[in-house]
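The data block below is my_file_5.cif; it holds mmCIF, C-alpha atoms.
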```
data_my_file
loop_
_atom_site.label_atom_id
_atom_site.label_comp_id
_atom_site.auth_asym_id
_atom_site.auth_seq_id
_atom_site.Cartn_x
_atom_site.Cartn_y
_atom_site.Cartn_z
CA GLN A 1 -29.65 -8.92 10.90
CA VAL A 2 -27.88 -8.19 7.64
CA GLN A 3 -29.39 -9.01 4.29
CA LEU A 4 -27.44 -8.90 1.03
CA VAL A 5 -29.28 -8.87 -2.30
CA GLU A 6 -27.39 -9.35 -5.56
CA SER A 7 -28.55 -8.33 -9.01
CA GLY A 8 -27.14 -7.77 -12.48
CA GLY A 9 -26.34 -11.30 -13.55
CA GLY A 10 -27.26 -12.64 -16.97
CA SER A 11 -26.03 -14.24 -20.16
CA VAL A 12 -23.36 -12.63 -22.30
CA GLN A 13 -21.00 -13.62 -25.07
CA ALA A 14 -17.29 -13.94 -24.48
CA GLY A 15 -15.62 -10.55 -24.48
CA GLY A 16 -18.71 -8.85 -23.13
CA SER A 17 -19.30 -7.02 -19.86
CA LEU A 18 -21.67 -7.17 -16.90
CA ARG A 19 -21.98 -5.17 -13.70
CA LEU A 20 -23.17 -6.92 -10.58
CA SER A 21 -24.69 -5.03 -7.67
CA CYS A 22 -25.15 -6.05 -4.05
CA ALA A 23 -27.50 -4.01 -1.88
CA ALA A 24 -26.95 -4.33 1.86
CA PHE A 25 -29.83 -4.02 4.31
CA GLY A 26 -29.42 -3.81 8.05
CA TYR A 27 -26.41 -2.71 10.05
CA ILE A 28 -22.94 -3.40 8.74
CA SER A 29 -19.96 -1.92 10.47
CA SER A 30 -18.42 1.01 8.65
CA SER A 31 -15.15 -0.92 8.82
CA ALA A 32 -16.53 -4.03 7.15
CA CYS A 33 -14.72 -6.29 4.74
CA MET A 34 -16.83 -7.12 1.70
CA GLY A 35 -16.27 -9.35 -1.27
CA TRP A 36 -17.47 -11.24 -4.28
CA PHE A 37 -17.17 -15.00 -4.60
CA ARG A 38 -18.30 -17.43 -7.26
CA GLN A 39 -19.14 -21.09 -7.58
CA ALA A 40 -19.29 -23.05 -10.81
CA PRO A 41 -21.19 -26.35 -11.05
CA GLY A 42 -19.23 -29.15 -9.43
CA LYS A 43 -16.62 -26.80 -7.97
CA GLY A 44 -16.00 -25.16 -4.64
CA ARG A 45 -16.66 -21.52 -3.86
CA GLU A 46 -13.75 -19.33 -4.90
CA GLY A 47 -12.86 -15.75 -4.18
CA VAL A 48 -13.11 -13.11 -6.88
CA ALA A 49 -12.38 -9.80 -5.15
CA VAL A 50 -12.49 -8.12 -1.75
CA ILE A 51 -12.66 -4.50 -0.66
CA MET A 52 -12.03 -2.88 2.70
CA TYR A 53 -13.69 0.18 4.19
CA ASP A 54 -10.74 2.36 3.16
CA GLY A 55 -11.08 1.31 -0.47
CA SER A 56 -8.22 -1.18 -0.52
CA THR A 57 -8.88 -4.04 -2.92
CA ASN A 58 -7.51 -7.45 -3.78
CA TYR A 59 -8.35 -9.77 -6.66
CA ALA A 60 -7.98 -13.39 -7.62
CA ASP A 61 -5.27 -13.79 -10.25
CA SER A 62 -7.83 -15.13 -12.72
CA VAL A 63 -9.73 -11.82 -12.83
CA LYS A 64 -7.00 -9.22 -12.34
CA GLY A 65 -7.14 -6.55 -15.00
CA ARG A 66 -10.67 -7.57 -16.07
CA PHE A 67 -12.84 -7.15 -12.96
CA THR A 68 -13.19 -4.12 -10.67
CA ILE A 69 -14.77 -4.15 -7.22
CA SER A 70 -16.14 -0.91 -5.80
CA GLN A 71 -18.55 0.32 -3.17
CA ASP A 72 -20.91 3.22 -2.65
CA ASN A 73 -21.18 3.68 1.09
CA ALA A 74 -23.96 6.24 0.76
CA LYS A 75 -26.10 3.65 -1.02
CA ASN A 76 -24.86 0.65 0.99
CA THR A 77 -24.12 -1.04 -2.31
CA LEU A 78 -21.23 -3.15 -3.52
CA TYR A 79 -20.42 -3.51 -7.21
CA LEU A 80 -18.42 -5.82 -9.46
CA GLN A 81 -17.67 -4.55 -12.95
CA MET A 82 -16.74 -7.49 -15.14
CA ASN A 83 -15.11 -6.85 -18.52
CA SER A 84 -13.59 -9.15 -21.13
CA LEU A 85 -15.67 -12.02 -19.81
CA LYS A 86 -14.60 -15.57 -20.59
CA PRO A 87 -16.59 -18.82 -20.62
CA GLU A 88 -14.64 -19.92 -17.52
CA ASP A 89 -16.19 -16.98 -15.64
CA THR A 90 -19.54 -18.77 -15.81
CA ALA A 91 -20.73 -19.32 -12.23
CA MET A 92 -23.14 -18.25 -9.53
CA TYR A 93 -21.76 -15.04 -8.05
CA TYR A 94 -22.24 -14.27 -4.37
CA CYS A 95 -21.79 -11.10 -2.37
CA ALA A 96 -20.36 -11.48 1.14
CA ALA A 97 -19.75 -9.19 4.10
CA ASP A 98 -18.13 -9.37 7.48
CA GLY A 99 -18.02 -6.79 10.22
CA LEU A 100 -14.38 -7.51 11.04
CA TYR A 101 -11.89 -5.95 8.66
CA PHE A 102 -8.71 -7.65 9.86
CA ASP A 103 -6.76 -9.50 7.14
CA CYS A 104 -9.43 -8.43 4.66
CA MET A 105 -7.05 -8.49 1.71
CA THR A 106 -6.13 -12.12 2.29
CA ARG A 107 -9.72 -13.20 2.83
CA VAL A 108 -10.36 -13.38 -0.90
CA GLN A 109 -9.00 -16.90 -0.36
CA ALA A 110 -11.16 -17.58 2.69
CA PRO A 111 -14.89 -17.55 1.95
CA GLY A 112 -15.53 -19.26 5.28
CA SER A 113 -14.39 -16.14 7.11
CA PHE A 114 -17.39 -14.10 5.97
CA SER A 115 -20.52 -13.94 8.13
CA TYR A 116 -23.16 -12.73 5.70
CA TRP A 117 -24.03 -13.96 2.22
CA GLY A 118 -26.46 -13.06 -0.53
CA GLN A 119 -28.53 -15.56 -2.46
CA GLY A 120 -26.39 -15.30 -5.59
CA THR A 121 -26.83 -14.14 -9.16
CA GLN A 122 -26.04 -16.32 -12.18
CA VAL A 123 -23.50 -15.25 -14.78
CA THR A 124 -23.27 -17.27 -17.98
CA VAL A 125 -20.65 -16.54 -20.64
CA SER A 126 -20.94 -18.27 -23.98
CA SER A 127 -18.12 -18.74 -26.46
#
```
This entry written out as structure tokens:
Amino acid sequence: QVQLVESGGGSVQAGGSLRLSCAAFGYISSSACMGWFRQAPGKGREGVAVIMYDGSTNYADSVKGRFTISQDNAKNTLYLQMNSLKPEDTAMYYCAADGLYFDCMTRVQAPGSFSYWGQGTQVTVSS
């Protein structure tokens, strides 16, 4: 059983920064595909960024150049550094993982393809 626990959310003014963390407990394949997704009130879950075991990354167009996904395999932790935050970034942010790495880069658009999810951490950006 895999458990993902997010932290680091909070309230920040536009232009500010936050770093989200996702600690993974239990066995996850060393070739896993992992990602961050978000869901704003009244909207569907959308992809933010994904990362593959070899360090390859892909981002949603809306966050390119502002957000950076990274992982520390020794600590079994996934990160999302968010800079230049905008009010439209306000959402619940979720960490996700899947043991199968195939098509990982395209799965930023496919939240349903991930097997494991965290409980979410709220990010609120005020103008």
Test item: the PyMOL selection byres ((chain A and resi 87-96) around 10) resolved as a PyMOL selection string
chain A and resi 3-7+9-15+20-24+33-41+43+45-50+62-63+78-80+82+84-86+97-98+111+113-127
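Here CA of Gln109 (chain A) stands at a distance of 23.0 Å from CA of Leu18 (chain A).
Minimum atom-to-atom distances from A:Thr106, A:Ser31, A:Arg19, A:Gly99 to Gln1 (chain A) were compared using only C-alpha atoms, and the lowest value belongs to A:Gly99.
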Which one is closest to Ser56 (chain A): A:Phe25, A:Asn76, A:Gly16, A:Ala32? Count only C-alpha atoms.
A:Ala32
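A straight line drawn from CA of Tyr101 (chain A) to CA of Gly8 (chain A) is 26.1 Å long.
A straight line drawn from CA of Ala74 (chain A) to CA of Cys104 (chain A) is 21.0 Å long.
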From the list A:Ala110, A:Val2, A:Gly65, A:Ser70, which residue is nearest Ile51 (chain A) when using all atoms listed in the file?
A:Ser70
Given 8 Å of margin on each side, can you work out the centre and size in Å (one decimal) of an axis-aligned box holding every listed atom of region 72-87 of chain A, as lines of an AutoDock Vina configuration file?
```
center_x = -19.8
center_y = -6.3
center_z = -10.0
size_x = 28.5
size_y = 41.1
size_z = 38.2
```
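The shortest atom-to-atom distance to Arg107 (chain A), with only C-alpha atoms taken into account, belongs to A:Thr57 out of A:Asn73, A:Thr57, A:Thr68, A:Asn83.
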Would you mind exporting region 5-55 of chain A with N, CA and C atoms, as a compact mmCIF listing (two decimals), in the first residue's frame?
```txt
# COMPACT_ATOMS: atom_id res chain seq x y z
N VAL A 5 1.61 11.92 1.24
CA VAL A 5 1.22 12.96 2.19
C VAL A 5 1.81 14.29 1.74
N GLU A 6 0.91 15.21 1.37
CA GLU A 6 1.35 16.53 0.91
C GLU A 6 1.47 17.51 2.08
N SER A 7 2.30 18.50 1.90
CA SER A 7 2.43 19.59 2.87
C SER A 7 2.97 20.82 2.14
N GLY A 8 2.92 21.96 2.81
CA GLY A 8 3.51 23.17 2.26
C GLY A 8 2.53 24.17 1.69
N GLY A 9 1.26 23.81 1.64
CA GLY A 9 0.28 24.76 1.13
C GLY A 9 0.08 25.93 2.08
N GLY A 10 -0.65 26.93 1.62
CA GLY A 10 -0.91 28.09 2.47
C GLY A 10 -1.47 29.24 1.66
N SER A 11 -1.49 30.40 2.29
CA SER A 11 -2.00 31.60 1.65
C SER A 11 -0.83 32.54 1.34
N VAL A 12 -0.85 33.11 0.15
CA VAL A 12 0.23 33.99 -0.27
C VAL A 12 -0.33 35.05 -1.20
N GLN A 13 0.33 36.17 -1.26
CA GLN A 13 -0.10 37.22 -2.18
C GLN A 13 0.44 36.94 -3.58
N ALA A 14 -0.24 37.50 -4.56
CA ALA A 14 0.19 37.34 -5.94
C ALA A 14 1.65 37.78 -6.09
N GLY A 15 2.40 36.99 -6.85
CA GLY A 15 3.82 37.25 -7.02
C GLY A 15 4.69 36.50 -6.05
N GLY A 16 4.08 35.92 -5.03
CA GLY A 16 4.82 35.19 -4.02
C GLY A 16 5.17 33.77 -4.44
N SER A 17 5.80 33.04 -3.51
CA SER A 17 6.24 31.67 -3.79
C SER A 17 5.82 30.72 -2.68
N LEU A 18 5.68 29.47 -3.04
CA LEU A 18 5.44 28.38 -2.09
C LEU A 18 6.15 27.15 -2.61
N ARG A 19 6.54 26.26 -1.70
CA ARG A 19 7.07 24.97 -2.09
C ARG A 19 6.24 23.87 -1.45
N LEU A 20 5.66 23.05 -2.29
CA LEU A 20 4.89 21.91 -1.82
C LEU A 20 5.80 20.68 -1.75
N SER A 21 5.51 19.84 -0.77
CA SER A 21 6.24 18.58 -0.61
C SER A 21 5.24 17.44 -0.59
N CYS A 22 5.68 16.28 -1.05
CA CYS A 22 4.85 15.07 -1.03
C CYS A 22 5.74 13.92 -0.59
N ALA A 23 5.50 13.43 0.63
CA ALA A 23 6.26 12.30 1.15
C ALA A 23 5.54 11.01 0.79
N ALA A 24 6.29 10.07 0.26
CA ALA A 24 5.73 8.78 -0.15
C ALA A 24 6.12 7.70 0.84
N PHE A 25 5.11 6.94 1.28
CA PHE A 25 5.33 5.84 2.21
C PHE A 25 4.86 4.55 1.55
N GLY A 26 5.61 3.49 1.78
CA GLY A 26 5.29 2.24 1.13
C GLY A 26 6.12 2.07 -0.14
N TYR A 27 5.91 0.96 -0.83
CA TYR A 27 6.74 0.68 -2.00
C TYR A 27 6.20 1.35 -3.26
N ILE A 28 7.07 2.12 -3.88
CA ILE A 28 6.78 2.66 -5.21
C ILE A 28 7.92 2.25 -6.11
N SER A 29 7.59 1.74 -7.25
CA SER A 29 8.62 1.32 -8.20
C SER A 29 9.63 2.43 -8.44
N SER A 30 10.87 2.05 -8.59
CA SER A 30 11.91 3.04 -8.88
C SER A 30 11.70 3.68 -10.24
N SER A 31 10.85 3.09 -11.07
CA SER A 31 10.58 3.67 -12.38
C SER A 31 9.20 4.33 -12.43
N ALA A 32 8.75 4.82 -11.31
CA ALA A 32 7.42 5.41 -11.22
C ALA A 32 7.31 6.73 -11.97
N CYS A 33 6.09 7.04 -12.33
CA CYS A 33 5.73 8.35 -12.86
C CYS A 33 5.00 9.08 -11.74
N MET A 34 5.41 10.30 -11.44
CA MET A 34 4.79 11.05 -10.37
C MET A 34 4.40 12.42 -10.87
N GLY A 35 3.41 13.02 -10.19
CA GLY A 35 2.95 14.30 -10.68
C GLY A 35 2.21 15.12 -9.64
N TRP A 36 1.97 16.34 -10.01
CA TRP A 36 1.14 17.25 -9.23
C TRP A 36 -0.07 17.64 -10.07
N PHE A 37 -1.23 17.64 -9.43
CA PHE A 37 -2.47 18.05 -10.05
C PHE A 37 -3.15 19.05 -9.14
N ARG A 38 -4.11 19.77 -9.68
CA ARG A 38 -4.83 20.72 -8.84
C ARG A 38 -6.30 20.77 -9.24
N GLN A 39 -7.11 21.20 -8.28
CA GLN A 39 -8.55 21.31 -8.54
C GLN A 39 -9.08 22.54 -7.83
N ALA A 40 -9.60 23.46 -8.61
CA ALA A 40 -10.22 24.66 -8.08
C ALA A 40 -11.70 24.39 -7.86
N PRO A 41 -12.35 25.14 -6.97
CA PRO A 41 -13.78 24.94 -6.71
C PRO A 41 -14.59 25.01 -7.99
N GLY A 42 -15.45 24.02 -8.20
CA GLY A 42 -16.32 24.02 -9.37
C GLY A 42 -15.66 23.60 -10.67
N LYS A 43 -14.39 23.19 -10.59
CA LYS A 43 -13.67 22.79 -11.80
C LYS A 43 -13.15 21.36 -11.67
N GLY A 44 -12.79 20.79 -12.79
CA GLY A 44 -12.23 19.46 -12.79
C GLY A 44 -10.77 19.46 -12.37
N ARG A 45 -10.24 18.27 -12.11
CA ARG A 45 -8.84 18.15 -11.73
C ARG A 45 -7.96 18.33 -12.96
N GLU A 46 -6.96 19.18 -12.86
CA GLU A 46 -6.09 19.44 -14.00
C GLU A 46 -4.63 19.17 -13.64
N GLY A 47 -3.88 18.76 -14.64
CA GLY A 47 -2.48 18.48 -14.43
C GLY A 47 -1.67 19.74 -14.29
N VAL A 48 -0.64 19.67 -13.44
CA VAL A 48 0.28 20.78 -13.26
C VAL A 48 1.66 20.39 -13.80
N ALA A 49 2.18 19.27 -13.34
CA ALA A 49 3.51 18.83 -13.77
C ALA A 49 3.68 17.35 -13.48
N VAL A 50 4.52 16.69 -14.28
CA VAL A 50 4.86 15.30 -14.05
C VAL A 50 6.37 15.13 -14.15
N ILE A 51 6.87 14.08 -13.49
CA ILE A 51 8.29 13.78 -13.53
C ILE A 51 8.47 12.27 -13.59
N MET A 52 9.44 11.84 -14.40
CA MET A 52 9.71 10.42 -14.54
C MET A 52 10.96 10.08 -13.75
N TYR A 53 11.20 8.77 -13.58
CA TYR A 53 12.30 8.33 -12.73
C TYR A 53 13.65 8.85 -13.21
N ASP A 54 13.76 9.13 -14.52
CA ASP A 54 15.04 9.60 -15.04
C ASP A 54 15.19 11.12 -14.95
N GLY A 55 14.19 11.77 -14.34
CA GLY A 55 14.26 13.21 -14.18
C GLY A 55 13.57 14.01 -15.26
```
